[in-house]
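**Student:** One structure is given below, represented as structure tokens, and several questions about it will come after.
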Amino acid sequence: MEFAHARTDRLGMLLDQFDKAREMAEVRLTGLTDDEYLWEPAADCWSLRPRAEAKTPRAFGPGEWVLDLGNPDIPGGEYAEIGRQIASGMTVAEIAEDWSVSHARVEEVLAHTGPVPPDETPVTTIAWRLCHLHYEFAGGWEWTFGERKQDPKLMVDFTPSASLALERFWETVGRWREAVEGVSEEQLDQVGYSQYPYGSDPDDPYVTVVWGTNFEFIHHMAEIALLRDLWRTRA
């Protein structure tokens with residue numbers, strides 16, 4: 001892998017990392033079919049469904065197709081993240097709002113000792129992972145460079161067509177990437193430069209928001225790549 005011409009400034013390094021990850025993801029997503037896009041590899045998957053067939057209590061989306069979302073909670077696999085949020089200076093109230101849970105639930109996690117309970121986060125489809133990323137990139141642009149008005153969860157008209165979903169997704173990613181390229185050093189250090197409403201963006205310097213976006217993109221694309229491998233080798 002060629003890194004000879006990689007930039008060394010903060011924003012340049014983050015964007016070079018993102019561009020390389022995007023290049024790899026575009027290759028890995030080539031040839032994605034509708035059946036594979038919506039394939040449920042296990043029982044009780046979260047996926048993209050017609051509104052009338054939604055299986056989860058908080059499924060969302062502005063159109064006919066909605067994205068599964070269950071009741072709010074903090075899964076066992078995220079207990080360490082709650083500790084990191086406290087260490088970063090977030091209050092219990094802010095964390096509760098971030099996770100859409102009660103203050104008591106946050107306090108319960110913070111007081112937890114002993115083995116961490118098993119992570120019961122459901123298995124998700126390729127469609128769910130891609131749509132999740134899509135509305136986050138759309139919202140990331142809206143609440144940083146746009147009017148900061150639209151609910152990110154209502155910004156993307158989800159579709160069961162894999163090819164159309166990818167076309168729209170890469171357009172949204174490209175708009176976000178172009179806008180971030182123009183961010184100044186001062187804006188990178190500005191706390192709350194992004195006001196994205198789901199998460200800690202309003203309390204963070206923008207450079208950490210960009211880092212977090214890279215992390216989110218990379219780990220979800222790795223999961224999508226694994227699902228593609230499982231689809232290819234399914235019995």
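Chain labels run A, B, ... following the order of the structure tokens; each chain numbers its residues from 1, and ligands are numbered from 1 in the order shown.
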Residues near A:Pro197, anyone? I mean within 9 Å using only C-alpha atoms, not counting same-chain ones fewer than 3 positions away, as a list in words.

**Tutor:** Asp98, Gly139, Trp143, Asp151, Pro152, Ser194, Ser200, Asp201 and Pro202 of chain A

**Student:** Print the selection's residues with all heavy atoms to a file, as an mmCIF file, in the first residue's frame.

**Tutor:**
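File result_33.cif, as written:
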```
data_model
loop_
_atom_site.group_PDB
_atom_site.id
_atom_site.type_symbol
_atom_site.label_atom_id
_atom_site.label_comp_id
_atom_site.auth_asym_id
_atom_site.auth_seq_id
_atom_site.Cartn_x
_atom_site.Cartn_y
_atom_site.Cartn_z
ATOM 1 N N ASP A 98 -27.411 11.466 25.099
ATOM 2 C CA ASP A 98 -26.684 10.894 23.968
ATOM 3 C C ASP A 98 -27.206 9.496 23.640
ATOM 4 O O ASP A 98 -27.366 9.143 22.461
ATOM 5 C CB ASP A 98 -25.185 10.846 24.314
ATOM 6 C CG ASP A 98 -24.322 10.344 23.178
ATOM 7 O OD1 ASP A 98 -24.763 10.408 22.021
ATOM 8 O OD2 ASP A 98 -23.192 9.896 23.445
ATOM 9 N N GLY A 139 -26.407 13.960 7.991
ATOM 10 C CA GLY A 139 -26.558 14.811 9.166
ATOM 11 C C GLY A 139 -25.283 15.522 9.552
ATOM 12 O O GLY A 139 -25.316 16.668 10.009
ATOM 13 N N TRP A 143 -25.453 19.532 9.956
ATOM 14 C CA TRP A 143 -25.274 20.161 11.262
ATOM 15 C C TRP A 143 -23.881 20.767 11.455
ATOM 16 O O TRP A 143 -23.552 21.253 12.541
ATOM 17 C CB TRP A 143 -25.587 19.145 12.357
ATOM 18 C CG TRP A 143 -27.076 18.927 12.455
ATOM 19 C CD1 TRP A 143 -27.824 18.061 11.709
ATOM 20 C CD2 TRP A 143 -27.978 19.625 13.287
ATOM 21 N NE1 TRP A 143 -29.149 18.181 12.031
ATOM 22 C CE2 TRP A 143 -29.281 19.126 13.003
ATOM 23 C CE3 TRP A 143 -27.849 20.625 14.264
ATOM 24 C CZ2 TRP A 143 -30.424 19.596 13.662
ATOM 25 C CZ3 TRP A 143 -28.973 21.078 14.917
ATOM 26 C CH2 TRP A 143 -30.247 20.573 14.621
ATOM 27 N N ASP A 151 -33.616 16.861 10.992
ATOM 28 C CA ASP A 151 -33.299 15.671 11.772
ATOM 29 C C ASP A 151 -32.557 14.694 10.857
ATOM 30 O O ASP A 151 -33.085 14.288 9.825
ATOM 31 C CB ASP A 151 -34.596 15.028 12.273
ATOM 32 C CG ASP A 151 -34.360 13.816 13.174
ATOM 33 O OD1 ASP A 151 -33.256 13.238 13.133
ATOM 34 O OD2 ASP A 151 -35.282 13.439 13.907
ATOM 35 N N PRO A 152 -31.313 14.302 11.211
ATOM 36 C CA PRO A 152 -30.560 13.387 10.351
ATOM 37 C C PRO A 152 -31.334 12.115 9.994
ATOM 38 O O PRO A 152 -31.205 11.597 8.880
ATOM 39 C CB PRO A 152 -29.313 13.060 11.182
ATOM 40 C CG PRO A 152 -29.120 14.268 12.036
ATOM 41 C CD PRO A 152 -30.510 14.734 12.375
ATOM 42 N N SER A 194 -19.315 21.301 14.914
ATOM 43 C CA SER A 194 -20.420 20.439 14.496
ATOM 44 C C SER A 194 -21.438 20.381 15.619
ATOM 45 O O SER A 194 -21.083 20.154 16.777
ATOM 46 C CB SER A 194 -19.935 19.022 14.189
ATOM 47 O OG SER A 194 -21.041 18.134 14.046
ATOM 48 N N SER A 200 -21.788 13.319 20.874
ATOM 49 C CA SER A 200 -21.105 14.343 21.665
ATOM 50 C C SER A 200 -20.498 15.459 20.822
ATOM 51 O O SER A 200 -19.734 16.264 21.344
ATOM 52 C CB SER A 200 -19.997 13.680 22.501
ATOM 53 O OG SER A 200 -19.024 13.061 21.665
ATOM 54 N N ASP A 201 -20.820 15.534 19.535
ATOM 55 C CA ASP A 201 -20.218 16.541 18.654
ATOM 56 C C ASP A 201 -20.252 17.957 19.228
ATOM 57 O O ASP A 201 -19.252 18.684 19.139
ATOM 58 C CB ASP A 201 -20.897 16.543 17.280
ATOM 59 C CG ASP A 201 -20.520 15.344 16.435
ATOM 60 O OD1 ASP A 201 -20.039 14.346 17.012
ATOM 61 O OD2 ASP A 201 -20.720 15.389 15.210
ATOM 62 N N PRO A 202 -21.382 18.422 19.779
ATOM 63 C CA PRO A 202 -21.414 19.804 20.283
ATOM 64 C C PRO A 202 -20.415 20.080 21.395
ATOM 65 O O PRO A 202 -20.108 21.243 21.676
ATOM 66 C CB PRO A 202 -22.862 19.959 20.790
ATOM 67 C CG PRO A 202 -23.648 18.972 19.996
ATOM 68 C CD PRO A 202 -22.715 17.793 19.853
#
```

**Student:** If you run DSSP over the backbone, which residues in stretch 9-235 of chain A end up alpha helix (DSSP H)? Put them as a short mmCIF file (atom, residue, chain, number, x, y, z; two decimals) with C-alpha atoms, in the first residue's frame.

**Tutor:**
```cif
data_model
loop_
_atom_site.label_atom_id
_atom_site.label_comp_id
_atom_site.auth_asym_id
_atom_site.auth_seq_id
_atom_site.Cartn_x
_atom_site.Cartn_y
_atom_site.Cartn_z
CA ARG A 10 -3.73 17.00 10.97
CA LEU A 11 -6.54 17.45 8.47
CA GLY A 12 -4.48 16.08 5.61
CA MET A 13 -3.71 12.88 7.50
CA LEU A 14 -7.35 12.35 8.41
CA LEU A 15 -8.57 12.98 4.87
CA ASP A 16 -5.88 10.76 3.33
CA GLN A 17 -6.94 7.99 5.70
CA PHE A 18 -10.59 8.50 4.77
CA ASP A 19 -9.85 8.58 1.05
CA LYS A 20 -7.92 5.30 1.23
CA ALA A 21 -10.71 3.67 3.23
CA ARG A 22 -13.29 4.95 0.76
CA GLU A 23 -11.29 3.64 -2.18
CA MET A 24 -11.15 0.20 -0.59
CA ALA A 25 -14.85 0.29 0.28
CA GLU A 26 -15.89 1.21 -3.26
CA VAL A 27 -14.03 -1.83 -4.57
CA ARG A 28 -15.54 -4.11 -1.91
CA ASP A 34 -30.57 -6.26 -4.00
CA ASP A 35 -30.86 -9.77 -2.53
CA GLU A 36 -27.44 -9.50 -0.89
CA TYR A 37 -28.16 -5.96 0.32
CA TYR A 79 -19.86 0.11 29.01
CA ALA A 80 -16.24 1.16 28.42
CA GLU A 81 -17.45 3.94 26.13
CA ILE A 82 -19.56 5.36 28.98
CA GLY A 83 -16.42 5.48 31.10
CA ARG A 84 -14.57 7.31 28.33
CA GLN A 85 -17.41 9.81 28.02
CA ILE A 86 -17.28 10.54 31.75
CA ALA A 87 -13.48 10.88 31.57
CA VAL A 92 -24.54 12.01 33.36
CA ALA A 93 -27.34 14.12 31.88
CA GLU A 94 -25.42 14.58 28.62
CA ILE A 95 -24.63 10.87 28.38
CA ALA A 96 -28.26 9.96 29.09
CA GLU A 97 -29.36 12.28 26.28
CA ASP A 98 -26.68 10.89 23.97
CA TRP A 99 -27.90 7.30 24.47
CA HIS A 103 -30.13 9.13 34.19
CA ALA A 104 -30.62 6.07 36.39
CA ARG A 105 -29.51 3.75 33.58
CA VAL A 106 -26.28 5.72 33.14
CA GLU A 107 -25.65 5.65 36.88
CA GLU A 108 -26.27 1.88 36.84
CA VAL A 109 -23.63 1.40 34.16
CA LEU A 110 -21.14 3.62 35.97
CA ILE A 126 -25.72 -4.70 4.76
CA ALA A 127 -28.68 -2.42 4.08
CA TRP A 128 -28.86 -1.41 7.75
CA ARG A 129 -25.13 -0.65 7.97
CA LEU A 130 -25.08 1.36 4.76
CA CYS A 131 -28.23 3.33 5.59
CA HIS A 132 -26.88 4.01 9.09
CA LEU A 133 -23.75 5.52 7.59
CA HIS A 134 -25.79 7.41 4.99
CA TYR A 135 -27.94 9.37 7.42
CA GLU A 136 -24.91 10.06 9.63
CA PHE A 137 -22.96 11.59 6.74
CA ALA A 138 -26.04 13.54 5.63
CA GLY A 139 -26.56 14.81 9.17
CA GLY A 140 -22.86 15.49 9.66
CA TRP A 141 -22.93 17.85 6.70
CA GLU A 142 -26.26 19.46 7.66
CA ALA A 162 -28.68 -1.57 -3.73
CA SER A 163 -27.44 0.31 -6.79
CA LEU A 164 -29.57 3.39 -6.05
CA ALA A 165 -28.63 3.33 -2.39
CA LEU A 166 -24.92 3.26 -3.25
CA GLU A 167 -25.28 6.02 -5.84
CA ARG A 168 -26.99 8.30 -3.31
CA PHE A 169 -24.61 7.30 -0.52
CA TRP A 170 -21.44 8.17 -2.42
CA GLU A 171 -22.95 11.52 -3.45
CA THR A 172 -23.61 12.34 0.20
CA VAL A 173 -20.15 11.19 1.25
CA GLY A 174 -18.57 13.28 -1.51
CA ARG A 175 -20.39 16.44 -0.39
CA TRP A 176 -19.25 15.91 3.20
CA ARG A 177 -15.66 15.21 2.10
CA GLU A 178 -15.52 18.33 -0.08
CA ALA A 179 -16.78 20.52 2.76
CA VAL A 180 -14.33 19.11 5.31
CA GLU A 181 -11.42 19.80 2.93
CA GLU A 185 -6.96 25.01 11.58
CA GLU A 186 -8.98 27.26 13.87
CA GLN A 187 -12.20 25.46 12.98
CA LEU A 188 -10.56 22.07 13.64
CA TYR A 206 -14.07 19.34 15.30
CA VAL A 207 -10.82 17.48 14.68
CA THR A 208 -12.04 14.70 16.97
CA VAL A 209 -15.38 14.65 15.13
CA VAL A 210 -13.57 14.05 11.84
CA TRP A 211 -11.49 11.32 13.49
CA GLY A 212 -14.68 9.74 14.81
CA THR A 213 -16.29 9.87 11.37
CA ASN A 214 -13.30 8.01 9.91
CA PHE A 215 -13.58 5.39 12.64
CA GLU A 216 -17.32 4.97 12.07
CA PHE A 217 -16.85 4.61 8.31
CA ILE A 218 -13.98 2.13 8.59
CA HIS A 219 -15.57 -0.18 11.13
CA HIS A 220 -18.97 -0.29 9.41
CA MET A 221 -17.37 -0.92 6.02
CA ALA A 222 -15.35 -3.75 7.55
CA GLU A 223 -18.59 -5.26 8.84
CA ILE A 224 -20.19 -4.89 5.42
CA ALA A 225 -17.18 -6.59 3.82
CA LEU A 226 -17.53 -9.50 6.24
CA LEU A 227 -21.25 -9.82 5.43
CA ARG A 228 -20.35 -9.94 1.73
CA ASP A 229 -17.92 -12.78 2.44
CA LEU A 230 -20.58 -14.66 4.41
CA TRP A 231 -23.09 -14.16 1.59
CA ARG A 232 -20.60 -15.47 -0.96
#
```

**Student:** Please return as a list in words: the residues of stretch 9-226 of chain A that backbone DSSP assigns to strand (DSSP E or B).

**Tutor:**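 Everything in stretch 9-226 of chain A that counts as strand (DSSP E or B) is Trp46, Leu48, Arg49, Pro50, Phe60, Trp65, Val66, Leu67, Thr124, Val191 and Pro205 of chain A.
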
**Student:** Please, what distance in Å, to one decimal, runs between atom CA of A:Leu38 and atom CA of A:Leu67?

**Tutor:**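 Between atom CA of A:Leu38 and atom CA of A:Leu67 the gap is 11.6 Å.
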
**Student:** Return the single residue from A:Val183, A:Val191, A:Val156, A:Val123 that is closest to A:Trp65, with distances computed using only C-alpha atoms.

**Tutor:**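 Distance minimum relative to A:Trp65 lands on A:Val156.
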
**Student:** Could you check how far atom CA of A:Val101 sits from atom CA of A:Ile74, in Å to one decimal?

**Tutor:**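 Interatomic distance, atom CA of A:Val101 to atom CA of A:Ile74: 7.8 Å.
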
**Student:** Enter the distance from atom CA of A:Asp189 to atom CA of A:Met90, in Å, rounded to one decimal.

**Tutor:**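 Computing it gives 17.9 Å between the two atoms.
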
**Student:** Kindly indicate which residue among A:Pro117, A:Thr91, A:Gly61, A:Cys45 lies nearest to A:Gly77, using only C-alpha atoms for the distances.

**Tutor:** A:Pro117
